[in-house]
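So this block is data.cif, mmCIF, C-alpha atoms:
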```cif
data_structure
#
loop_
_atom_site.group_PDB
_atom_site.id
_atom_site.type_symbol
_atom_site.label_atom_id
_atom_site.label_comp_id
_atom_site.auth_asym_id
_atom_site.auth_seq_id
_atom_site.Cartn_x
_atom_site.Cartn_y
_atom_site.Cartn_z
ATOM 1 C CA MET A 1 0.000 0.000 0.000
ATOM 2 C CA GLN A 2 1.451 3.314 -1.034
ATOM 3 C CA GLN A 3 1.580 6.057 1.560
ATOM 4 C CA PHE A 4 1.544 9.660 0.424
ATOM 5 C CA PRO A 5 3.914 12.278 1.873
ATOM 6 C CA GLY A 6 2.466 13.895 4.964
ATOM 7 C CA GLN A 7 -0.138 11.165 5.403
ATOM 8 C CA VAL A 8 -0.036 9.602 8.853
ATOM 9 C CA PRO A 9 -1.773 6.279 9.435
ATOM 10 C CA ALA A 10 -4.638 6.501 11.923
ATOM 11 C CA LEU A 11 -3.802 5.265 15.399
ATOM 12 C CA LEU A 12 -5.915 2.512 16.898
ATOM 13 C CA ASP A 13 -8.717 3.691 19.129
ATOM 14 C CA GLY A 14 -9.833 1.804 22.215
ATOM 15 C CA PRO A 15 -7.452 -0.239 24.374
ATOM 16 C CA GLY A 16 -3.706 0.047 23.949
ATOM 17 C CA VAL A 17 -1.903 -1.836 21.197
ATOM 18 C CA ASP A 18 -0.356 -4.144 23.797
ATOM 19 C CA VAL A 19 -3.768 -5.472 24.914
ATOM 20 C CA SER A 20 -4.517 -8.956 23.579
ATOM 21 C CA ASP A 21 -6.733 -10.482 26.268
ATOM 22 C CA PRO A 22 -10.216 -10.925 24.709
ATOM 23 C CA ARG A 23 -12.078 -9.770 27.829
ATOM 24 C CA GLU A 24 -9.900 -6.702 28.200
ATOM 25 C CA LEU A 25 -10.251 -5.881 24.487
ATOM 26 C CA LEU A 26 -14.017 -6.273 24.520
ATOM 27 C CA LEU A 27 -14.537 -4.220 27.668
ATOM 28 C CA GLY A 28 -11.963 -1.646 26.571
ATOM 29 C CA TYR A 29 -13.689 -1.050 23.250
ATOM 30 C CA LEU A 30 -17.105 -0.929 24.880
ATOM 31 C CA GLU A 31 -15.832 1.708 27.297
ATOM 32 C CA TRP A 32 -14.180 3.623 24.438
ATOM 33 C CA TYR A 33 -17.500 3.802 22.567
ATOM 34 C CA ARG A 34 -19.383 4.895 25.688
ATOM 35 C CA GLU A 35 -16.858 7.693 26.159
ATOM 36 C CA ALA A 36 -17.058 8.581 22.445
ATOM 37 C CA LEU A 37 -20.843 8.881 22.722
ATOM 38 C CA LEU A 38 -20.585 11.389 25.562
ATOM 39 C CA ARG A 39 -17.617 13.203 24.008
ATOM 40 C CA LYS A 40 -19.530 13.722 20.750
ATOM 41 C CA ILE A 41 -22.426 15.448 22.541
ATOM 42 C CA SER A 42 -20.437 17.322 25.198
ATOM 43 C CA ASP A 43 -20.256 20.634 23.336
ATOM 44 C CA LEU A 44 -23.891 20.756 22.170
ATOM 45 C CA SER A 45 -26.280 23.246 23.703
ATOM 46 C CA ASP A 46 -29.275 21.867 25.556
ATOM 47 C CA GLY A 47 -31.489 22.901 22.663
ATOM 48 C CA ARG A 48 -29.386 21.049 20.102
ATOM 49 C CA LEU A 49 -29.143 17.997 22.361
ATOM 50 C CA ARG A 50 -32.924 17.802 22.564
ATOM 51 C CA THR A 51 -33.966 18.794 19.035
ATOM 52 C CA PRO A 52 -34.600 15.935 16.595
ATOM 53 C CA VAL A 53 -32.187 16.024 13.657
ATOM 54 C CA GLU A 54 -33.862 15.905 10.261
ATOM 55 C CA PRO A 55 -34.108 13.706 8.314
ATOM 56 C CA LEU A 56 -33.014 11.262 11.047
ATOM 57 C CA GLY A 57 -35.982 11.963 13.325
ATOM 58 C CA TRP A 58 -34.169 11.610 16.656
ATOM 59 C CA SER A 59 -32.174 13.920 18.904
ATOM 60 C CA PRO A 60 -28.657 13.268 20.220
ATOM 61 C CA LEU A 61 -30.081 13.062 23.752
ATOM 62 C CA GLY A 62 -32.703 10.609 22.497
ATOM 63 C CA LEU A 63 -29.880 8.405 21.215
ATOM 64 C CA VAL A 64 -28.234 8.456 24.658
ATOM 65 C CA GLN A 65 -31.552 7.539 26.259
ATOM 66 C CA HIS A 66 -32.011 4.692 23.764
ATOM 67 C CA LEU A 67 -28.568 3.275 24.569
ATOM 68 C CA GLY A 68 -29.436 3.348 28.277
ATOM 69 C CA TRP A 69 -32.476 1.208 27.504
ATOM 70 C CA VAL A 70 -30.320 -1.098 25.367
ATOM 71 C CA GLU A 71 -27.886 -1.603 28.279
ATOM 72 C CA ARG A 72 -30.822 -2.301 30.617
ATOM 73 C CA ARG A 73 -32.513 -4.777 28.264
ATOM 74 C CA TRP A 74 -29.410 -6.793 27.478
ATOM 75 C CA MET A 75 -27.716 -6.763 30.863
ATOM 76 C CA ARG A 76 -30.187 -6.303 33.705
ATOM 77 C CA TRP A 77 -33.272 -7.873 32.127
ATOM 78 C CA GLY A 78 -31.287 -10.127 29.825
ATOM 79 C CA PHE A 79 -28.098 -11.389 31.443
ATOM 80 C CA ALA A 80 -29.137 -10.975 35.103
ATOM 81 C CA ALA A 81 -32.871 -11.707 34.602
ATOM 82 C CA GLU A 82 -33.751 -8.810 36.911
ATOM 83 C CA ASP A 83 -37.393 -7.881 37.223
ATOM 84 C CA VAL A 84 -37.014 -4.449 35.601
ATOM 85 C CA LEU A 85 -39.009 -2.518 33.051
ATOM 86 C CA ALA A 86 -37.367 -3.510 29.751
ATOM 87 C CA TYR A 87 -39.185 -1.072 27.460
ATOM 88 C CA PRO A 88 -40.668 2.315 28.256
ATOM 89 C CA PRO A 89 -44.436 2.711 28.089
ATOM 90 C CA GLY A 90 -45.016 4.095 24.611
ATOM 91 C CA GLY A 91 -42.539 1.795 22.852
ATOM 92 C CA ASP A 92 -39.881 2.983 20.405
ATOM 93 C CA GLU A 93 -41.168 6.531 20.215
ATOM 94 C CA ALA A 94 -40.919 6.948 23.995
ATOM 95 C CA GLU A 95 -37.500 5.312 24.031
ATOM 96 C CA TRP A 96 -36.098 7.840 21.559
ATOM 97 C CA SER A 97 -38.085 10.947 22.589
ATOM 98 C CA ILE A 98 -37.263 13.258 25.449
ATOM 99 C CA PRO A 99 -40.268 14.860 27.162
ATOM 100 C CA ALA A 100 -39.896 18.641 27.435
ATOM 101 C CA ASP A 101 -40.187 18.454 31.222
ATOM 102 C CA ARG A 102 -37.456 15.829 31.660
ATOM 103 C CA PRO A 103 -34.155 17.537 32.465
ATOM 104 C CA THR A 104 -31.124 16.681 30.359
ATOM 105 C CA ALA A 105 -29.139 15.902 33.522
ATOM 106 C CA GLU A 106 -31.758 13.302 34.477
ATOM 107 C CA VAL A 107 -31.476 11.554 31.095
ATOM 108 C CA LEU A 108 -27.677 11.482 31.339
ATOM 109 C CA ALA A 109 -27.808 10.231 34.953
ATOM 110 C CA ALA A 110 -30.202 7.417 33.983
ATOM 111 C CA TYR A 111 -27.849 6.410 31.157
ATOM 112 C CA ARG A 112 -24.840 6.432 33.494
ATOM 113 C CA ASP A 113 -26.785 4.367 36.060
ATOM 114 C CA GLU A 114 -27.372 1.669 33.438
ATOM 115 C CA VAL A 115 -23.683 1.680 32.474
ATOM 116 C CA THR A 116 -22.768 1.343 36.160
ATOM 117 C CA ALA A 117 -25.178 -1.588 36.539
ATOM 118 C CA THR A 118 -23.641 -3.264 33.488
ATOM 119 C CA THR A 119 -20.129 -2.714 34.838
ATOM 120 C CA SER A 120 -21.081 -4.323 38.160
ATOM 121 C CA LEU A 121 -22.667 -7.335 36.477
ATOM 122 C CA VAL A 122 -19.666 -7.830 34.197
ATOM 123 C CA ALA A 123 -17.183 -7.567 37.077
ATOM 124 C CA ALA A 124 -18.829 -10.536 38.791
ATOM 125 C CA ALA A 125 -19.030 -12.817 35.743
ATOM 126 C CA GLY A 126 -16.940 -14.543 33.106
ATOM 127 C CA LEU A 127 -17.426 -14.175 29.357
ATOM 128 C CA ALA A 128 -18.563 -17.810 29.129
ATOM 129 C CA ASP A 129 -21.224 -17.395 31.848
ATOM 130 C CA THR A 130 -24.710 -17.884 30.484
ATOM 131 C CA ALA A 131 -27.586 -15.458 30.989
ATOM 132 C CA ARG A 132 -29.953 -16.354 33.795
ATOM 133 C CA LEU A 133 -33.398 -17.560 32.870
ATOM 134 C CA GLY A 134 -36.571 -15.675 33.654
ATOM 135 C CA GLY A 135 -36.007 -12.220 32.241
ATOM 136 C CA ARG A 136 -35.418 -11.788 28.528
ATOM 137 C CA PHE A 137 -34.493 -15.458 28.103
ATOM 138 C CA GLN A 138 -36.966 -18.141 29.106
ATOM 139 C CA THR A 139 -35.199 -21.345 28.075
ATOM 140 C CA PRO A 140 -31.579 -22.536 28.163
ATOM 141 C CA ASP A 141 -31.375 -22.662 24.358
ATOM 142 C CA GLN A 142 -32.257 -18.941 24.191
ATOM 143 C CA ALA A 143 -29.725 -17.805 26.812
ATOM 144 C CA PRO A 144 -26.475 -16.450 25.330
ATOM 145 C CA SER A 145 -23.147 -16.090 27.086
ATOM 146 C CA LEU A 146 -22.047 -12.809 28.607
ATOM 147 C CA GLY A 147 -19.420 -12.542 25.864
ATOM 148 C CA ARG A 148 -22.101 -12.776 23.169
ATOM 149 C CA ILE A 149 -24.217 -10.133 24.904
ATOM 150 C CA LEU A 150 -21.242 -7.802 25.263
ATOM 151 C CA PHE A 151 -20.390 -8.207 21.574
ATOM 152 C CA HIS A 152 -23.978 -7.250 20.805
ATOM 153 C CA LEU A 153 -23.658 -4.144 22.992
ATOM 154 C CA LEU A 154 -20.387 -3.270 21.277
ATOM 155 C CA GLN A 155 -21.972 -3.412 17.827
ATOM 156 C CA GLU A 156 -24.923 -1.322 19.066
ATOM 157 C CA TYR A 157 -22.530 1.362 20.273
ATOM 158 C CA ALA A 158 -20.360 1.246 17.151
ATOM 159 C CA ARG A 159 -23.404 1.635 14.917
ATOM 160 C CA HIS A 160 -25.060 4.365 16.968
ATOM 161 C CA VAL A 161 -21.887 6.382 17.556
ATOM 162 C CA GLY A 162 -21.499 6.338 13.766
ATOM 163 C CA HIS A 163 -25.084 7.578 13.475
ATOM 164 C CA LEU A 164 -24.188 10.349 15.905
ATOM 165 C CA ASP A 165 -21.328 11.376 13.593
ATOM 166 C CA VAL A 166 -23.881 11.829 10.804
ATOM 167 C CA ALA A 167 -26.175 13.779 13.141
ATOM 168 C CA ARG A 168 -23.336 16.097 14.153
ATOM 169 C CA GLU A 169 -22.500 16.844 10.520
ATOM 170 C CA LEU A 170 -26.149 17.727 9.955
ATOM 171 C CA ILE A 171 -26.343 19.832 13.134
ATOM 172 C CA ASP A 172 -23.149 21.857 12.888
ATOM 173 C CA GLY A 173 -20.827 20.346 10.300
ATOM 174 C CA LYS A 174 -18.565 18.804 12.931
ATOM 175 C CA LYS A 175 -16.925 15.644 11.629
ATOM 176 C CA GLY A 176 -16.253 12.588 13.790
ATOM 177 C CA GLU A 177 -12.947 10.841 14.219
#
```
Here is the file; what I need is its structure written in the form of structure tokens.
Amino acid sequence: MQQFPGQVPALLDGPGVDVSDPRELLLGYLEWYREALLRKISDLSDGRLRTPVEPLGWSPLGLVQHLGWVERRWMRWGFAAEDVLAYPPGGDEAEWSIPADRPTAEVLAAYRDEVTATTSLVAAAGLADTARLGGRFQTPDQAPSLGRILFHLLQEYARHVGHLDVARELIDGKKGE
């Protein structure tokens, strides 16, 4: 592959180049994407955070709220089989919409609470541990391993952080890394 003068290859994001342990890589990339999500919205005004981006139809804060629900569904309801509300009343629209009377700080705190719950569950389990039955998964043949669930979360974040890059270009022309 030819490299042009002045062109510098992109550095790897996520965990350091010396990390090879699969658990550490998976958790490191998941954390990197969580941080990227918050970094990409950190300089938006409250109005821009809450205003749906056309033609996408969702707001950056709505995306954060959605990812909080995703964490809850896959980890607390899914992996741990906790008796928690898995979907907001009102379905997808409620999951992506921010009521005018709900403070931004409350949405961000709820998201961070779900990330904290996930982190606690992951700390006490191995990647090969299977999801408990009774929440999202009712039979042993439905129950995936923690590693499989975490890979699903990683792809959710990768996809949605990419969507947020598109939203930012539409909002203010800012390009993602």
Explicit residues for the PyMOL selection byres ((chain A and resi 154) around 8) (as an NGL selection string) = :A and (26 or 29-30 or 33 or 150-153 or 155-158)
Store the residues picked out above in a file with C-alpha atoms, as a PDB file, keeping the file's coordinate frame.
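Writing done, so here's selection39.pdb:
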```
ATOM      1  CA  LEU A  26     -14.017  -6.273  24.520  1.00  0.00           C
ATOM      2  CA  TYR A  29     -13.689  -1.050  23.250  1.00  0.00           C
ATOM      3  CA  LEU A  30     -17.105  -0.929  24.880  1.00  0.00           C
ATOM      4  CA  TYR A  33     -17.500   3.802  22.567  1.00  0.00           C
ATOM      5  CA  LEU A 150     -21.242  -7.802  25.263  1.00  0.00           C
ATOM      6  CA  PHE A 151     -20.390  -8.207  21.574  1.00  0.00           C
ATOM      7  CA  HIS A 152     -23.978  -7.250  20.805  1.00  0.00           C
ATOM      8  CA  LEU A 153     -23.658  -4.144  22.992  1.00  0.00           C
ATOM      9  CA  GLN A 155     -21.972  -3.412  17.827  1.00  0.00           C
ATOM     10  CA  GLU A 156     -24.923  -1.322  19.066  1.00  0.00           C
ATOM     11  CA  TYR A 157     -22.530   1.362  20.273  1.00  0.00           C
ATOM     12  CA  ALA A 158     -20.360   1.246  17.151  1.00  0.00           C
TER      13      ALA A 158
END
```
With a distance cut-off of 12 Å and all atoms listed in the file, select the neighbouring residues of A:Arg48, excluding the residue or stretch itself and same-chain residues fewer than 4 positions from it, and output the selection as a ChimeraX atom specification.
-> /A:41-44,52-54,58-62,104,167-168,170-172
For A:Arg76, which of A:Gly134, A:Pro88, A:Pro103, A:Gly28 is the closest residue, counting all atoms listed in the file?
->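 Closest residue, counting all atoms listed in the file: A:Gly134.
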Residue IDs satisfying the PyMOL selection byres ((chain A and resi 105) around 12), as a compact mmCIF listing (two decimals) with C-alpha atoms, keeping the file's coordinate frame:
```txt
# COMPACT_ATOMS: atom_id res chain seq x y z
CA ASP A 46 -29.28 21.87 25.56
CA LEU A 49 -29.14 18.00 22.36
CA ARG A 50 -32.92 17.80 22.56
CA LEU A 61 -30.08 13.06 23.75
CA VAL A 64 -28.23 8.46 24.66
CA GLN A 65 -31.55 7.54 26.26
CA ILE A 98 -37.26 13.26 25.45
CA ASP A 101 -40.19 18.45 31.22
CA ARG A 102 -37.46 15.83 31.66
CA PRO A 103 -34.16 17.54 32.47
CA THR A 104 -31.12 16.68 30.36
CA GLU A 106 -31.76 13.30 34.48
CA VAL A 107 -31.48 11.55 31.10
CA LEU A 108 -27.68 11.48 31.34
CA ALA A 109 -27.81 10.23 34.95
CA ALA A 110 -30.20 7.42 33.98
CA TYR A 111 -27.85 6.41 31.16
CA ARG A 112 -24.84 6.43 33.49
```
For A:Leu121, please output as an NGL selection string all residues within 10 Å (counting only C-alpha atoms; exclusion window: fewer than 4 positions along the same chain).
-> :A and (75-76 or 79-80 or 115-117 or 125-126 or 146)
Using the chain letters and numbers from the file, give me the residues hit by the PyMOL selection byres ((chain A and resi 136) around 10), as a list of chain:residue names.
-> A:Arg73, A:Trp74, A:Met75, A:Arg76, A:Trp77, A:Gly78, A:Phe79, A:Ala80, A:Ala81, A:Glu82, A:Asp83, A:Ala86, A:Ala131, A:Arg132, A:Leu133, A:Gly134, A:Gly135, A:Phe137, A:Gln138, A:Thr139, A:Gln142, A:Ala143
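Comparing A:Leu25, A:Val84, A:Ala36, A:Val19 by their smallest distance to A:Leu164, the closest is A:Ala36 (using only C-alpha atoms).
In this structure, atom CA of A:Asp129 sits 29.2 Å away from atom CA of A:Leu63.
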Atom CA of A:Asp113 to atom CA of A:Leu38, distance in Å rounded to a single decimal =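 Between atom CA of A:Asp113 and atom CA of A:Leu38 the gap works out to 14.1 Å.
Near A:Glu177, within 12 Å and counting only C-alpha atoms, sit Ala10, Leu11, Leu12, Asp13, Tyr33, Ala36, Leu37, Arg39, Lys40, Val161, Gly162, Leu164, Asp165, Val166, Arg168 and Glu169 of chain A; same-chain residues fewer than 6 positions away were not included.
Between atom CA of A:Arg72 and atom CA of A:Glu114 the separation is 6.0 Å.
Distance check against A:Thr118 using only C-alpha atoms: of A:Asp18, A:Glu71, A:Glu35, A:Glu24, the minimum falls on A:Glu71.
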With only C-alpha atoms as the basis for distance, which of A:Leu56, A:Val122, A:Arg159, A:Pro140 is at the shortest distance from A:Arg23?
->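 Under the stated criterion, the closest residue is A:Val122.
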